Amino acid sequence: MPTFREPQLVHLSSEAMARATAFADAVTGTVNYRDSNQAIKEKIRDDHFVSKLGEEAVRFVFEQRDCKIEGPDYTIYSGKGKSWDADLRINDLEVAVKTQRRSAAKRYGLSWTFQDSPERRDPILDMPEAWVCLVVFEDLKDGFECVVYPLRKIKQLIFEAPRLSRLVGKKQAVYLGTLQEHKVFK
C-alpha cells in the first residue's frame with residue numbers, strides 16, 4: 001500500500017467539515033459515556049466532530065495515493081448496534097483513527113486516548129497487529145487543517161496512564177513526545 005514516512009498536512013474541504021458537523025449533531029443524543037465520567041453533551045458532540053475530521057483527513061491522504069477507501073461511516077447506530085469496527089478500510093486494511101485537538105494538546109500534551117475501563121474497553125488494545133493512524137486537528141489556526149501521522153501497529157505504540165487524573169483507570173494514552181523519544185515517529 002502506498003504510504004508515507006513524514007506527517008502529512010491536510011486542508012479539509014468545507015464538505016468534509018459539514019459531514020462531520022452533521023454527524024456530531026445527530027449522534028450526540030445516542031451515546032452514554034457515564035463510565036468515562038463524561039455527561040457534558042457539548043464535549044461528547046465535539047469529540048465526535050473531531051474524530052470524524054481525523055477520519056476525513058486520513059481518507060484524503062490515502063485517496064491522494066490512489067488507495068481504495070471505505071469510510072468514514074456516518075451512520076447513526078443505536079444501543080447495541082454501535083460497534084468497535086475499524087474507522088476506515090484502506091485497500092482492505094482495517095485502520096483505526098485517533099484524533100486530538102491542538103488546543104487540548106497545549107493543556108495536556110499531544111496525546112491520543114483509548115478507552116480502557118472495566119465497563120468498556122477498546123478491543124484494539126488486545127490486537128497488537130491492528131493498524132492505527134494518529135491525527136492532530138489544528139484548531140488554533142484559521143482554516144481546517146489536520147496533521148496525519150504515518151500508520152503504526154498497536155504493538156508499536158507506547159501506552160501510558162493519562163496525565164489527566166480523572167481519566168486514570170478509564171483510558172490509556174499515547175503521547176507524541178514519548179513516541180518521538182523512542183523513535184516511533186520523528
# chains A, B, ... in the order shown; residues from 1 in each chain; ligands from 1
>>> residues_around(residues="Thr30 (chain A)", least_positions_apart="3", cutoff="9 Å", atoms="only C-alpha atoms", output="list in words")
Ala26, Val27, Ile76, Tyr77, Ser78 and Gly79 of chain A
>>> residues_around(residues="Glu6 (chain A)", least_positions_apart="6", cutoff="12 Å", atoms="only C-alpha atoms", output="PyMOL selection string")
chain A and resi 61+147-151+184-186
>>> residues_around(residues="Lys98 (chain A)", least_positions_apart="3", cutoff="10 Å", atoms="only C-alpha atoms", output="number ranges by chain")
A: 50-52, 54-55, 87, 95, 111-114, 132-136, 148
>>> closest_atom_pairs(of="region 74-110 of chain A", to="region 153-165 of chain A", cutoff="12 Å", atoms="only C-alpha atoms", output="Markdown table")
| residue | atom | partner | partner_atom | distance |
| --- | --- | --- | --- | --- |
| A:Leu93 | CA | A:Lys153 | CA | 11.7 |
| A:Glu94 | CA | A:Lys153 | CA | 11.0 |
| A:Val95 | CA | A:Lys153 | CA | 9.4 |
| A:Ala96 | CA | A:Ile154 | CA | 9.7 |
| A:Val97 | CA | A:Ile154 | CA | 11.5 |
| A:Lys98 | CA | A:Ile154 | CA | 11.8 |
| A:Ala104 | CA | A:Leu164 | CA | 11.3 |
| A:Ala105 | CA | A:Arg163 | CA | 11.3 |
| A:Arg107 | CA | A:Leu164 | CA | 9.8 |
| A:Tyr108 | CA | A:Arg163 | CA | 6.7 |
| A:Gly109 | CA | A:Arg163 | CA | 8.4 |
| A:Leu110 | CA | A:Arg163 | CA | 10.9 |
>>> atom_distance(atom1="CA of Ala16 (chain A)", atom2="CA of Arg89 (chain A)")
17.6 Å
>>> closest_residue(among="A:Val58, A:Leu176, A:Gly169, A:Ala24", to="Lys43 (chain A)", atoms="only C-alpha atoms")
A:Ala24
>>> select_by_dssp(residues="chain A", states="strand (DSSP E or B)", output="ChimeraX atom specification")
/A:8-11,33,38,69-70,88-90,93-101,111-116,121,131-137,145-148,152-153,159-160,168,171-175
>>> atom_distance(atom1="CA of Asn91 (chain A)", atom2="CA of Pro72 (chain A)")
13.9 Å
>>> select_by_dssp(residues="region 18-169 of chain A", states="alpha helix (DSSP H)", output="PDB file with C-alpha atoms, in the first residue's frame")
ATOM      1  CA  ALA A  18     -20.226  19.785   7.029  1.00  0.00           C
ATOM      2  CA  ARG A  19     -20.373  15.969   7.141  1.00  0.00           C
ATOM      3  CA  ALA A  20     -18.506  15.904  10.472  1.00  0.00           C
ATOM      4  CA  THR A  21     -20.750  18.618  11.913  1.00  0.00           C
ATOM      5  CA  ALA A  22     -23.981  16.904  10.835  1.00  0.00           C
ATOM      6  CA  PHE A  23     -22.783  13.572  12.244  1.00  0.00           C
ATOM      7  CA  ALA A  24     -21.733  15.072  15.584  1.00  0.00           C
ATOM      8  CA  ASP A  25     -25.069  16.858  15.936  1.00  0.00           C
ATOM      9  CA  ALA A  26     -27.040  13.688  15.138  1.00  0.00           C
ATOM     10  CA  VAL A  27     -25.037  11.171  17.208  1.00  0.00           C
ATOM     11  CA  LYS A  41     -23.339  16.971  25.754  1.00  0.00           C
ATOM     12  CA  GLU A  42     -21.191  19.644  24.082  1.00  0.00           C
ATOM     13  CA  LYS A  43     -17.987  17.728  24.947  1.00  0.00           C
ATOM     14  CA  ILE A  44     -19.484  14.495  23.591  1.00  0.00           C
ATOM     15  CA  ARG A  45     -20.563  16.326  20.427  1.00  0.00           C
ATOM     16  CA  ASP A  46     -17.109  17.868  19.993  1.00  0.00           C
ATOM     17  CA  ASP A  47     -15.373  14.503  20.479  1.00  0.00           C
ATOM     18  CA  HIS A  48     -17.452  13.014  17.654  1.00  0.00           C
ATOM     19  CA  PHE A  49     -16.890  16.064  15.438  1.00  0.00           C
ATOM     20  CA  VAL A  50     -13.113  15.946  15.910  1.00  0.00           C
ATOM     21  CA  SER A  51     -12.961  12.178  15.397  1.00  0.00           C
ATOM     22  CA  LYS A  52     -14.750  12.464  12.045  1.00  0.00           C
ATOM     23  CA  LEU A  53     -12.399  15.268  10.977  1.00  0.00           C
ATOM     24  CA  GLY A  54      -9.491  12.915  11.637  1.00  0.00           C
ATOM     25  CA  GLU A  55     -11.110  10.147   9.623  1.00  0.00           C
ATOM     26  CA  GLU A  56     -11.730  12.586   6.748  1.00  0.00           C
ATOM     27  CA  ALA A  57      -8.087  13.695   6.853  1.00  0.00           C
ATOM     28  CA  VAL A  58      -6.769  10.125   6.745  1.00  0.00           C
ATOM     29  CA  ARG A  59      -9.179   9.297   3.915  1.00  0.00           C
ATOM     30  CA  PHE A  60      -7.862  12.299   1.964  1.00  0.00           C
ATOM     31  CA  VAL A  61      -4.189  11.361   2.473  1.00  0.00           C
ATOM     32  CA  PHE A  62      -4.702   7.828   1.179  1.00  0.00           C
ATOM     33  CA  GLU A  63      -7.038   8.846  -1.655  1.00  0.00           C
ATOM     34  CA  ARG A 102      -4.129  21.056  19.131  1.00  0.00           C
ATOM     35  CA  SER A 103      -5.777  23.240  21.810  1.00  0.00           C
ATOM     36  CA  ALA A 104      -6.182  20.179  24.071  1.00  0.00           C
ATOM     37  CA  ALA A 105      -2.581  19.200  23.371  1.00  0.00           C
ATOM     38  CA  LYS A 106      -1.410  22.566  24.683  1.00  0.00           C
ATOM     39  CA  ARG A 107      -3.041  21.724  28.018  1.00  0.00           C
ATOM     40  CA  TYR A 108      -2.325  18.004  28.398  1.00  0.00           C
TER      41      TYR A 108
END
>>> closest_residue(among="A:Val31, A:Asp85, A:Val174, A:Ile40", to="Gln100 (chain A)", atoms="only C-alpha atoms")
A:Val174
>>> closest_residue(among="A:Arg65, A:Arg101, A:Arg5, A:Arg121", to="Phe144 (chain A)", atoms="only C-alpha atoms")
A:Arg101
>>> atom_distance(atom1="CA of Lys171 (chain A)", atom2="CA of Leu140 (chain A)")
25.2 Å
>>> closest_residue(among="A:Lys170, A:Thr3, A:Glu138, A:Trp131", to="Pro118 (chain A)", atoms="only C-alpha atoms")
A:Lys170
>>> closest_residue(among="A:Tyr175, A:Arg152, A:Leu12, A:Gln115", to="Pro128 (chain A)", atoms="only C-alpha atoms")
A:Arg152
